[in-house]
Amino acid sequence: MEFQQSKLLGRLPKQFFASLVAKVNHKIESGVDVINLGQGNPDKPTPEYIVKATQKWVVDPATHKYSPFQGLPEFKQAAADFYAEKYGAHFDPEKEVAILGGSKIGLVELPWALMNPGDTYLLPDPGYPDYFSGAALGGVKFETVPLLAKNNFLPDLKAIPEAVAQRAKFFYLNYPNNPTGAVATKKFYEELVSWAKKYHVGIISDFAYGALGFDGQAPRSFMQTPGAKDVGIELYTFSKTFNMAGWRIAFAVGNQDIIGALNLIQDHLFVSLFPALQRAAIDALQGSQRDAEIAKIVGRYEERRNAFVDAAEKIGWHAFVPKGTFYAWMPVPAGYTSESFADLLLDKAGVAVAPGNGFGKHGEGYVRIGLLIEPARLKEAVARIAKLHLFD
């Protein structure tokens with residue numbers, strides 16, 4: 001017997017990261033020592049205080065039962081307390097907090113919960129590829145908003161056509177930004193709230209890299225902006241802040257209508273998260289070691305950023321110096337596309353990078369470098385690339 005996939009699955013975009021991993025693995029299997037700068041997976045373990053807390057909760061029989069559908073009230077309260085402490089933003093844990101099995105779930109399910117087929121939302125270009133999956137699954141349309149170097153990879157709100165702004169229901173934004181490493185400013189977020197109110201557009205702030213800011217500057221939360229809760233939500237994941245990518249724990253805070261819709265759709269899709277993980281998440285947010293562990297993680301990525309950017313500068317490869325995340329956004333040399341340059345580096349230098357066109361049309365001309373290996377290995381990657389004499 002054969003069974004055909006649904007038309008819905010046929011609308012899904014090609015999984016960009018899966019294709020990239022397959023290319024890299026094929027090269028490794030051929031015996032090449034590949035330096036993989038194409039990934040976005042934290043390379044260090046979860047802090048020990050979180051692991052130990054999890055072990056304690058896993059053996060507690062009380063965590064072996066179903067969670068409340070919308071998550072443990074204590075976890076919601078901890079998330080609200082974290083935002084109050086870190087960002088001075090206050091939320092009702094019952095109405096303005098949603099527990100998520102990773103922020104990707106919230107980003108992809110939102111069109112099902114808050115849009116109707118044919119509705120339009122705005123997506124950044126370049127941007128996280130899975131944003132497009134939500135459009136396909138929800139049967140909605142999207143328009144892309146360019147993120148350009150001349151604007152420090154912030155969207156030019158004035159350049160969004162009036163007709164597009166009038167049509168849009170939501171606008172996804174992600175700062176610190178994947179893939180560029182750009183950060184948002186106080187002024188930009190203030191302008192964004194005003195723009196959102198003018199056009200009645202909901203703002204979905206993907207704050208995945210919220211803890212990862214460099215040069216002594218903590219990234220701004222959209223929710224620090226007056227009026228932000230009126231117009232949108234923010235998603236916060238444990239993946240990057242706590243090196244917990246595989247644990248799939250996140251939450252969203254903000255506008256109660258949006259949060260309510262996310263909670264409702266999740267009532268029908270999930271029974272929240274394993275209670276032991278929710279308890280561990282509370283300990284991650286409230287542990288006395290939290291800030292010291294986060295500082296270690298940030299310091300490690302900043303050291304790697306400096307090592308890579310400085311080495312690249314010496315061979316004439318000039319970065320858009322990231323102010324956050326664990327990526328560097330690097331221009332492609334003349335005569336190459338993002339894809340052909342990435343293929344050349346993999347084939348001739350054994351260095352894997354993510355081609356920028358995988359993040360959208362305006363990612364063409366760049367590659368994304370993942371700063372997820374030690375400084376010595378990053379410098380070795382640059383030394384290998386230097387031998388190709390692409391920047392002489």
# chains A, B, ... in the order shown; residues from 1 in each chain; ligands from 1
>>> residues_around(residues="segment 177-189 of chain A", least_positions_apart="6", cutoff="9 Å", atoms="only C-alpha atoms", output="MDAnalysis selection string")
chainID A and resid 126:128 152:155 206:209 213 219:222 224:225 228 320:330 356 359 363 367:369
>>> closest_atom_pairs(of="segment 130-225 of chain A", to="segment 255-274 of chain A", cutoff="10 Å", atoms="only C-alpha atoms", output="tab-separated table")
residue	atom	partner	partner_atom	distance
A:Gly202	CA	A:Ile258	CA	8.7
A:Ile203	CA	A:Asn255	CA	9.7
A:Ile204	CA	A:Ile258	CA	9.5
>>> select_by_dssp(residues="segment 84-262 of chain A", states="strand (DSSP E)", output="ChimeraX atom specification")
/A:97-100,120-125,141-146,168-173,202-206,232-237,250-254
>>> select_by_dssp(residues="segment 173-335 of chain A", states="alpha helix (DSSP H)", output="NGL selection string")
:A and (186-199 or 228-231 or 238-241 or 256-269 or 275-286 or 290-314)
>>> closest_residue(among="A:Gly118, A:Pro61, A:Gly350, A:Pro124", to="Leu388 of chain A", atoms="only C-alpha atoms")
A:Gly350
>>> closest_residue(among="A:Leu371, A:Ala78, A:Ala149, A:Ala168", to="Pro331 of chain A", atoms="only C-alpha atoms")
A:Ala149
>>> closest_residue(among="A:Pro333, A:Pro146, A:Gly38, A:Gly138", to="Lys361 of chain A", atoms="only C-alpha atoms")
A:Pro146
>>> residues_around(residues="Lys240 of chain A", least_positions_apart="2", cutoff="9 Å", atoms="only C-alpha atoms", output="PyMOL selection string")
chain A and resi 41-42+208-212+237-238+242-245+297+325
>>> write_last_selection(atoms="N, CA and C atoms", output="mmCIF file, in the first residue's frame")
data_model
loop_
_atom_site.group_PDB
_atom_site.id
_atom_site.type_symbol
_atom_site.label_atom_id
_atom_site.label_comp_id
_atom_site.auth_asym_id
_atom_site.auth_seq_id
_atom_site.Cartn_x
_atom_site.Cartn_y
_atom_site.Cartn_z
ATOM 1 N N ASN A 41 23.828 25.322 16.858
ATOM 2 C CA ASN A 41 23.556 24.488 18.022
ATOM 3 C C ASN A 41 24.616 24.730 19.094
ATOM 4 N N PRO A 42 24.249 25.255 20.273
ATOM 5 C CA PRO A 42 25.259 25.496 21.303
ATOM 6 C C PRO A 42 26.112 24.262 21.558
ATOM 7 N N ALA A 208 15.105 35.016 20.916
ATOM 8 C CA ALA A 208 15.844 33.770 21.158
ATOM 9 C C ALA A 208 17.238 34.018 21.710
ATOM 10 N N TYR A 209 17.872 35.112 21.296
ATOM 11 C CA TYR A 209 19.254 35.401 21.704
ATOM 12 C C TYR A 209 19.286 36.539 22.726
ATOM 13 N N GLY A 210 18.214 36.639 23.499
ATOM 14 C CA GLY A 210 18.041 37.765 24.395
ATOM 15 C C GLY A 210 19.136 37.967 25.413
ATOM 16 N N ALA A 211 19.841 36.903 25.800
ATOM 17 C CA ALA A 211 20.904 37.038 26.800
ATOM 18 C C ALA A 211 22.256 37.338 26.180
ATOM 19 N N LEU A 212 22.370 37.201 24.848
ATOM 20 C CA LEU A 212 23.690 37.211 24.212
ATOM 21 C C LEU A 212 23.996 38.566 23.590
ATOM 22 N N THR A 237 13.398 31.744 24.759
ATOM 23 C CA THR A 237 13.765 30.344 24.821
ATOM 24 C C THR A 237 14.930 30.110 25.775
ATOM 25 N N PHE A 238 14.974 28.925 26.358
ATOM 26 C CA PHE A 238 16.088 28.524 27.213
ATOM 27 C C PHE A 238 17.269 28.001 26.382
ATOM 28 N N PHE A 242 20.659 29.297 28.309
ATOM 29 C CA PHE A 242 21.113 28.277 29.261
ATOM 30 C C PHE A 242 21.729 27.049 28.575
ATOM 31 N N ASN A 243 22.077 27.152 27.293
ATOM 32 C CA ASN A 243 22.606 25.990 26.560
ATOM 33 C C ASN A 243 21.664 24.790 26.690
ATOM 34 N N MET A 244 20.378 25.022 26.449
ATOM 35 C CA MET A 244 19.362 23.985 26.631
ATOM 36 C C MET A 244 18.594 23.734 25.326
ATOM 37 N N ALA A 245 19.315 23.752 24.203
ATOM 38 C CA ALA A 245 18.637 23.635 22.903
ATOM 39 C C ALA A 245 17.829 22.352 22.784
ATOM 40 N N ILE A 297 28.710 32.080 29.537
ATOM 41 C CA ILE A 297 28.287 31.765 28.168
ATOM 42 C C ILE A 297 28.503 32.955 27.251
ATOM 43 N N THR A 325 24.077 37.532 19.596
ATOM 44 C CA THR A 325 23.947 36.177 19.050
ATOM 45 C C THR A 325 25.293 35.456 19.101
#
>>> closest_residue(among="A:Met115, A:Leu137, A:Ala352, A:Leu148", to="Gly10 of chain A", atoms="only C-alpha atoms")
A:Leu137
>>> residues_around(residues="Ala165 of chain A", least_positions_apart="4", cutoff="7 Å", atoms="only C-alpha atoms", output="compact mmCIF listing (two decimals) with all heavy atoms, in the first residue's frame")
# COMPACT_ATOMS: atom_id res chain seq x y z
N ILE A 160 8.04 50.46 4.16
CA ILE A 160 7.02 49.43 3.97
C ILE A 160 5.84 50.08 3.24
O ILE A 160 5.27 51.07 3.73
CB ILE A 160 6.56 48.84 5.31
CG1 ILE A 160 7.73 48.15 6.01
CG2 ILE A 160 5.41 47.85 5.11
CD1 ILE A 160 7.42 47.68 7.42
N PRO A 161 5.47 49.57 2.07
CA PRO A 161 4.39 50.21 1.31
C PRO A 161 3.11 50.31 2.14
O PRO A 161 2.76 49.41 2.91
CB PRO A 161 4.20 49.26 0.11
CG PRO A 161 5.52 48.58 -0.04
CD PRO A 161 6.05 48.42 1.36
N TYR A 199 -1.15 51.03 12.22
CA TYR A 199 -1.67 50.09 11.22
C TYR A 199 -2.38 48.88 11.84
O TYR A 199 -2.82 48.01 11.10
CB TYR A 199 -0.54 49.62 10.31
CG TYR A 199 0.01 50.72 9.45
CD1 TYR A 199 1.25 51.32 9.73
CD2 TYR A 199 -0.71 51.20 8.35
CE1 TYR A 199 1.75 52.34 8.93
CE2 TYR A 199 -0.22 52.23 7.56
CZ TYR A 199 1.01 52.79 7.85
OH TYR A 199 1.50 53.81 7.07
>>> residues_around(residues="Tyr83 of chain A", least_positions_apart="3", cutoff="10 Å", atoms="only C-alpha atoms", output="PyMOL selection string")
chain A and resi 78-80+86-91+221+223-224+236+253
>>> closest_residue(among="A:Ala62, A:Ala136, A:Val164, A:Val51", to="Lys7 of chain A", atoms="only C-alpha atoms")
A:Ala136
>>> closest_residue(among="A:Ala292, A:Ala381, A:Ala342, A:Leu235", to="Ile99 of chain A", atoms="only C-alpha atoms")
A:Leu235
>>> residues_around(residues="Gln278 of chain A", least_positions_apart="5", cutoff="9 Å", atoms="only C-alpha atoms", output="MDAnalysis selection string")
chainID A and resid 71:72 74:75 99 249 273 283
>>> residues_around(residues="Asp343 of chain A", least_positions_apart="6", cutoff="10 Å", atoms="only C-alpha atoms", output="list of chain:residue names")
A:Lys23, A:Thr337, A:Ala349, A:Gly350, A:Val351, A:Ala352, A:Val353, A:Ala354, A:Pro355
>>> write_last_selection(atoms="C-alpha atoms", output="mmCIF file, in the first residue's frame")
data_model
loop_
_atom_site.group_PDB
_atom_site.id
_atom_site.type_symbol
_atom_site.label_atom_id
_atom_site.label_comp_id
_atom_site.auth_asym_id
_atom_site.auth_seq_id
_atom_site.Cartn_x
_atom_site.Cartn_y
_atom_site.Cartn_z
ATOM 1 C CA LYS A 23 26.090 18.246 2.654
ATOM 2 C CA THR A 337 26.934 33.720 -4.958
ATOM 3 C CA ALA A 349 38.962 24.293 2.493
ATOM 4 C CA GLY A 350 36.884 21.816 4.482
ATOM 5 C CA VAL A 351 35.014 24.715 6.101
ATOM 6 C CA ALA A 352 31.214 24.601 6.303
ATOM 7 C CA VAL A 353 29.257 27.849 6.395
ATOM 8 C CA ALA A 354 25.556 28.623 5.965
ATOM 9 C CA PRO A 355 24.797 30.382 2.649
#
>>> decode(residues="segment 165-208 of chain A", atoms="N, CA and C atoms", output="compact mmCIF listing (two decimals), in the first residue's frame")
# COMPACT_ATOMS: atom_id res chain seq x y z
N ALA A 165 1.32 47.55 4.67
CA ALA A 165 1.12 47.80 6.09
C ALA A 165 -0.37 47.69 6.46
N GLN A 166 -1.24 48.18 5.60
CA GLN A 166 -2.67 48.13 5.87
C GLN A 166 -3.19 46.69 5.86
N ARG A 167 -2.56 45.85 5.05
CA ARG A 167 -3.00 44.48 4.89
C ARG A 167 -2.47 43.54 5.97
N ALA A 168 -1.34 43.89 6.56
CA ALA A 168 -0.65 42.99 7.48
C ALA A 168 -1.39 42.84 8.80
N LYS A 169 -1.38 41.61 9.33
CA LYS A 169 -1.96 41.36 10.66
C LYS A 169 -0.88 41.24 11.72
N PHE A 170 0.30 40.70 11.35
CA PHE A 170 1.40 40.54 12.29
C PHE A 170 2.72 40.82 11.59
N PHE A 171 3.74 41.09 12.41
CA PHE A 171 5.09 41.36 11.92
C PHE A 171 6.05 40.63 12.85
N TYR A 172 6.80 39.68 12.30
CA TYR A 172 7.80 38.94 13.06
C TYR A 172 9.13 39.69 13.03
N LEU A 173 9.74 39.83 14.21
CA LEU A 173 11.06 40.45 14.32
C LEU A 173 11.92 39.63 15.27
N ASN A 174 13.23 39.71 15.07
CA ASN A 174 14.15 38.86 15.83
C ASN A 174 15.44 39.63 16.10
N TYR A 175 15.55 40.17 17.33
CA TYR A 175 16.78 40.87 17.75
C TYR A 175 17.11 40.48 19.17
N PRO A 176 18.41 40.20 19.43
CA PRO A 176 19.54 40.10 18.51
C PRO A 176 19.22 39.15 17.37
N ASN A 177 19.73 39.50 16.18
CA ASN A 177 19.21 38.93 14.95
C ASN A 177 20.00 37.74 14.44
N ASN A 178 19.26 36.70 14.13
CA ASN A 178 19.76 35.56 13.36
C ASN A 178 19.26 35.78 11.93
N PRO A 179 20.14 35.98 10.96
CA PRO A 179 21.56 35.58 10.94
C PRO A 179 22.58 36.69 11.10
N THR A 180 22.19 37.97 11.20
CA THR A 180 23.16 39.06 11.03
C THR A 180 23.94 39.43 12.28
N GLY A 181 23.41 39.12 13.47
CA GLY A 181 24.05 39.55 14.70
C GLY A 181 23.72 40.98 15.09
N ALA A 182 22.82 41.63 14.35
CA ALA A 182 22.42 43.01 14.66
C ALA A 182 21.56 43.03 15.92
N VAL A 183 21.52 44.21 16.57
CA VAL A 183 20.65 44.39 17.73
C VAL A 183 19.72 45.57 17.48
N ALA A 184 18.59 45.56 18.17
CA ALA A 184 17.62 46.64 18.05
C ALA A 184 17.94 47.75 19.04
N THR A 185 17.55 48.95 18.69
CA THR A 185 17.78 50.12 19.54
C THR A 185 16.48 50.54 20.22
N LYS A 186 16.62 51.30 21.28
CA LYS A 186 15.46 51.86 22.00
C LYS A 186 14.61 52.69 21.03
N LYS A 187 15.26 53.51 20.22
CA LYS A 187 14.55 54.38 19.28
C LYS A 187 13.75 53.55 18.27
N PHE A 188 14.37 52.49 17.76
CA PHE A 188 13.67 51.67 16.77
C PHE A 188 12.43 51.04 17.39
N TYR A 189 12.55 50.50 18.60
CA TYR A 189 11.39 49.86 19.21
C TYR A 189 10.28 50.87 19.51
N GLU A 190 10.64 52.08 19.88
CA GLU A 190 9.63 53.11 20.10
C GLU A 190 8.89 53.42 18.79
N GLU A 191 9.65 53.52 17.71
CA GLU A 191 9.03 53.77 16.39
C GLU A 191 8.16 52.58 15.99
N LEU A 192 8.59 51.37 16.33
CA LEU A 192 7.84 50.17 15.97
C LEU A 192 6.49 50.13 16.67
N VAL A 193 6.46 50.48 17.95
CA VAL A 193 5.18 50.50 18.67
C VAL A 193 4.22 51.50 18.03
N SER A 194 4.73 52.67 17.69
CA SER A 194 3.88 53.68 17.05
C SER A 194 3.36 53.19 15.70
N TRP A 195 4.25 52.58 14.92
CA TRP A 195 3.86 52.05 13.61
C TRP A 195 2.81 50.94 13.77
N ALA A 196 3.01 50.05 14.74
CA ALA A 196 2.07 48.95 14.97
C ALA A 196 0.69 49.47 15.35
N LYS A 197 0.64 50.50 16.18
CA LYS A 197 -0.64 51.06 16.59
C LYS A 197 -1.32 51.76 15.41
N LYS A 198 -0.54 52.43 14.59
CA LYS A 198 -1.11 53.13 13.43
C LYS A 198 -1.79 52.16 12.48
N TYR A 199 -1.15 51.03 12.22
CA TYR A 199 -1.67 50.09 11.22
C TYR A 199 -2.38 48.88 11.84
N HIS A 200 -2.46 48.84 13.14
CA HIS A 200 -3.10 47.72 13.86
C HIS A 200 -2.44 46.40 13.46
N VAL A 201 -1.13 46.35 13.61
CA VAL A 201 -0.33 45.16 13.29
C VAL A 201 0.24 44.61 14.60
N GLY A 202 0.05 43.31 14.84
CA GLY A 202 0.62 42.68 16.02
C GLY A 202 2.11 42.41 15.82
N ILE A 203 2.90 42.67 16.84
CA ILE A 203 4.35 42.46 16.78
C ILE A 203 4.70 41.17 17.52
N ILE A 204 5.44 40.30 16.83
CA ILE A 204 5.89 39.05 17.41
C ILE A 204 7.41 39.13 17.52
N SER A 205 7.90 39.36 18.72
CA SER A 205 9.34 39.52 18.95
C SER A 205 9.94 38.18 19.34
N ASP A 206 10.80 37.68 18.48
CA ASP A 206 11.51 36.42 18.71
C ASP A 206 12.82 36.77 19.40
N PHE A 207 12.84 36.62 20.73
CA PHE A 207 13.97 37.07 21.56
C PHE A 207 14.86 35.87 21.92
N ALA A 208 15.11 35.02 20.92
CA ALA A 208 15.84 33.77 21.16
C ALA A 208 17.24 34.02 21.71
